[in-house]
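Chemist: Below: one structure in structure tokens.
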Amino acid sequence: MQKVALTLITAFVLFACRAEATSFKTVGKPDHSQWTVLLQKYVASNGLVNYQGFISEKEKLDAYTEELSANPPADNWSREERLAYWINAYNAFTVKLIVDNYPVESIKDLNPTISLPTINTVWAKEWFKIGGEDFSLDRIEHKILRKEFDEPRIHFAVNCASISCPVLLNEAFVADKIDTQLSQQAKVFLNDKSRNVIKKDEAQLSKIFSWFGGDFTKGQTLVEFLNKYSNTKLAKDAKIKFLDYDWNLNDTK
């Protein structure tokens with residue numbers, strides 16, 4: 001029994017150390033413009049995704065994800081370059097996941113038969129590589145984007161292939177305008193009444209603000225954060241409720 005416990009503890013420690021290692025050898029920098037070309041062709045103005053269109057150009061999608069895999073961020077990259085890389089990687093591999101398994105009604109259909117939240121889900125599965133390391137979507141989002149960048153607006157930039165997700169931006173994130181892109185995504189999401197209903201004295205918000213509440217309240221209240229991007233300004237004592245999340249696929253069909 002002690003040997004089993006020791007083995008499990010050792011495995012956990014090794015996993016935790018590996019999961020947080022995001023330093024890679026310098027190789028090159030991926031060309032995100034090819035991702036923009038695909039996004040502009042197959043993402044509608046309302047954020048819905050033409051997955052069948054992506055399937056028709058699967059070789060180009062695969063070429064981009066392979067370039068991401070082969071060219072991970074290096075220590076000499078700027079913060080903006082690394083942030084843009086990881087957001088693009090999350091979105092591109094999510095699209096690839098749907099394309100590789102299409103048709104599906106929801107990304108959750110790809111969960112294991114026995115699914116445990118945050119532990120054994122489609123997001124926790126390691127099914128692609130970056131810099132030769134096995135990666136999952138959760139590792140990108142929680143171990144890198146949320147942990148290393150302290151940037152709450154990433155929640156409006158990464159897309160989980162679902163109706164209630166913030167819309168997929170129809171261009172790649174790039175270092176020289178990423179701050180503008182993130183603010184744009186925050187404004188679009190918060191002022192989209194199908195995802196958030198904001199009035200002066202009350203707000204019905206996306207579950208994102210419940211799931212990741214701590215990300216939005218570092219050094220400020222949630223209301224203070226919301227008022228930076230919402231067209232309707234909330235009162236300090238506004239009542240907050242959270243909406244149900246629609247996990248249906250964000251497909252144009």
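If you're wondering about the labels, chains in the structure tokens are A, B, ... by order shown, residues count from 1 in each chain, ligands from 1 in order shown.
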Using 12 Å as the limit and counting only C-alpha atoms, can you tabulate each residue of segment 142-171 of chain A that touches segment 50-72 of chain A, with its shortest atom-to-atom distance in Å and the two atoms involved, as JSON lines?
Modeler:
{"residue": "A:Ala161", "atom": "CA", "partner": "A:Tyr51", "partner_atom": "CA", "distance": 10.1}
{"residue": "A:Leu168", "atom": "CA", "partner": "A:Asn50", "partner_atom": "CA", "distance": 11.4}
{"residue": "A:Asn170", "atom": "CA", "partner": "A:Asn50", "partner_atom": "CA", "distance": 11.6}
Chemist: List the neighbours of Glu171 of chain A out to 12 Å using only C-alpha atoms; skip same-chain residues closer than 2 positions along the sequence, and give me the result as a ChimeraX atom specification.
Modeler: /A:32-45,47,84,87-88,91-92,157,167-169,173-174,177-178,181,185
Chemist: Find the distance between atom CA of Asn250 of chain A and atom CA of Ser162 of chain A and write it in Å to one decimal.
Modeler: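 If I compute the distance from atom CA of Asn250 of chain A to atom CA of Ser162 of chain A, I get 4.8 Å.
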Chemist: Leu145 of chain A: which residues within 9 Å, counting only C-alpha atoms, same-chain residues fewer than 3 positions away excluded, as a ChimeraX atom specification?
Modeler: /A:83,86-87,139-142,148-151,154
Chemist: Export C-alpha atoms of the chosen residues as a compact mmCIF listing (two decimals), in the first residue's frame?
Modeler:
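Once everything was written out, this is out.txt:
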# COMPACT_ATOMS: atom_id res chain seq x y z
CA LEU A 83 0.55 35.75 -25.26
CA TRP A 86 -0.79 30.73 -26.73
CA ILE A 87 -4.18 32.27 -27.53
CA ARG A 139 -2.61 23.12 -19.85
CA ILE A 140 -2.61 26.09 -22.24
CA GLU A 141 -5.50 27.83 -20.51
CA HIS A 142 -4.87 27.17 -16.83
CA GLU A 148 1.79 33.24 -16.35
CA PHE A 149 0.13 36.32 -17.81
CA ASP A 150 -2.30 37.61 -15.16
CA GLU A 151 -4.54 38.88 -17.98
CA ILE A 154 -7.85 36.12 -22.18
Chemist: Based on DSSP run over this structure's backbone, return all residues of segment 177-206 of chain A in helix (DSSP H, G or I), as a VMD selection string.
Modeler: chain A and resid 177 to 190
Chemist: Output N, CA and C atoms of each residue in that selection to a file, as a PDB file, in the first residue's frame.
Modeler:
ATOM      1  N   LYS A 177      -0.632  44.335 -31.816  1.00  0.00           N
ATOM      2  CA  LYS A 177      -1.942  44.921 -31.526  1.00  0.00           C
ATOM      3  C   LYS A 177      -2.777  44.069 -30.570  1.00  0.00           C
ATOM      4  N   ILE A 178      -2.099  43.237 -29.801  1.00  0.00           N
ATOM      5  CA  ILE A 178      -2.849  42.312 -28.958  1.00  0.00           C
ATOM      6  C   ILE A 178      -3.637  43.018 -27.859  1.00  0.00           C
ATOM      7  N   ASP A 179      -3.129  44.117 -27.326  1.00  0.00           N
ATOM      8  CA  ASP A 179      -3.869  44.831 -26.286  1.00  0.00           C
ATOM      9  C   ASP A 179      -5.189  45.355 -26.843  1.00  0.00           C
ATOM     10  N   THR A 180      -5.139  45.907 -28.035  1.00  0.00           N
ATOM     11  CA  THR A 180      -6.354  46.399 -28.701  1.00  0.00           C
ATOM     12  C   THR A 180      -7.311  45.244 -28.987  1.00  0.00           C
ATOM     13  N   GLN A 181      -6.779  44.130 -29.456  1.00  0.00           N
ATOM     14  CA  GLN A 181      -7.613  42.972 -29.766  1.00  0.00           C
ATOM     15  C   GLN A 181      -8.305  42.429 -28.511  1.00  0.00           C
ATOM     16  N   LEU A 182      -7.583  42.368 -27.410  1.00  0.00           N
ATOM     17  CA  LEU A 182      -8.167  41.864 -26.169  1.00  0.00           C
ATOM     18  C   LEU A 182      -9.271  42.787 -25.655  1.00  0.00           C
ATOM     19  N   SER A 183      -9.040  44.087 -25.721  1.00  0.00           N
ATOM     20  CA  SER A 183     -10.069  45.039 -25.288  1.00  0.00           C
ATOM     21  C   SER A 183     -11.284  44.972 -26.199  1.00  0.00           C
ATOM     22  N   GLN A 184     -11.046  44.812 -27.495  1.00  0.00           N
ATOM     23  CA  GLN A 184     -12.133  44.677 -28.450  1.00  0.00           C
ATOM     24  C   GLN A 184     -12.983  43.450 -28.123  1.00  0.00           C
ATOM     25  N   GLN A 185     -12.338  42.333 -27.842  1.00  0.00           N
ATOM     26  CA  GLN A 185     -13.063  41.110 -27.508  1.00  0.00           C
ATOM     27  C   GLN A 185     -13.855  41.267 -26.208  1.00  0.00           C
ATOM     28  N   ALA A 186     -13.285  41.967 -25.241  1.00  0.00           N
ATOM     29  CA  ALA A 186     -13.986  42.210 -23.973  1.00  0.00           C
ATOM     30  C   ALA A 186     -15.244  43.037 -24.203  1.00  0.00           C
ATOM     31  N   LYS A 187     -15.138  44.069 -25.017  1.00  0.00           N
ATOM     32  CA  LYS A 187     -16.291  44.926 -25.294  1.00  0.00           C
ATOM     33  C   LYS A 187     -17.366  44.174 -26.077  1.00  0.00           C
ATOM     34  N   VAL A 188     -16.945  43.417 -27.070  1.00  0.00           N
ATOM     35  CA  VAL A 188     -17.910  42.647 -27.866  1.00  0.00           C
ATOM     36  C   VAL A 188     -18.664  41.663 -26.979  1.00  0.00           C
ATOM     37  N   PHE A 189     -17.937  40.964 -26.127  1.00  0.00           N
ATOM     38  CA  PHE A 189     -18.556  39.949 -25.287  1.00  0.00           C
ATOM     39  C   PHE A 189     -19.510  40.561 -24.267  1.00  0.00           C
ATOM     40  N   LEU A 190     -19.048  41.577 -23.564  1.00  0.00           N
ATOM     41  CA  LEU A 190     -19.866  42.154 -22.497  1.00  0.00           C
ATOM     42  C   LEU A 190     -21.123  42.836 -23.021  1.00  0.00           C
TER      43      LEU A 190
END
Chemist: Mind running segment 128-175 of chain A against segment 224-232 of chain A at 12 Å and telling me each contacting residue's nearest atom pair with the distance in Å (one decimal), counting only C-alpha atoms, chain and number ascending, as a tab-separated table?
Modeler:
residue	atom	partner	partner_atom	distance
A:Pro152	CA	A:Phe225	CA	9.5
A:Arg153	CA	A:Phe225	CA	10.2
A:Phe156	CA	A:Tyr229	CA	11.7
Chemist: Quick one: DSSP strand (DSSP E) residues in segment 3-240 of chain A, as a ChimeraX atom specification?
Modeler: /A:128-130,133-135,197-198,202-205,239-240
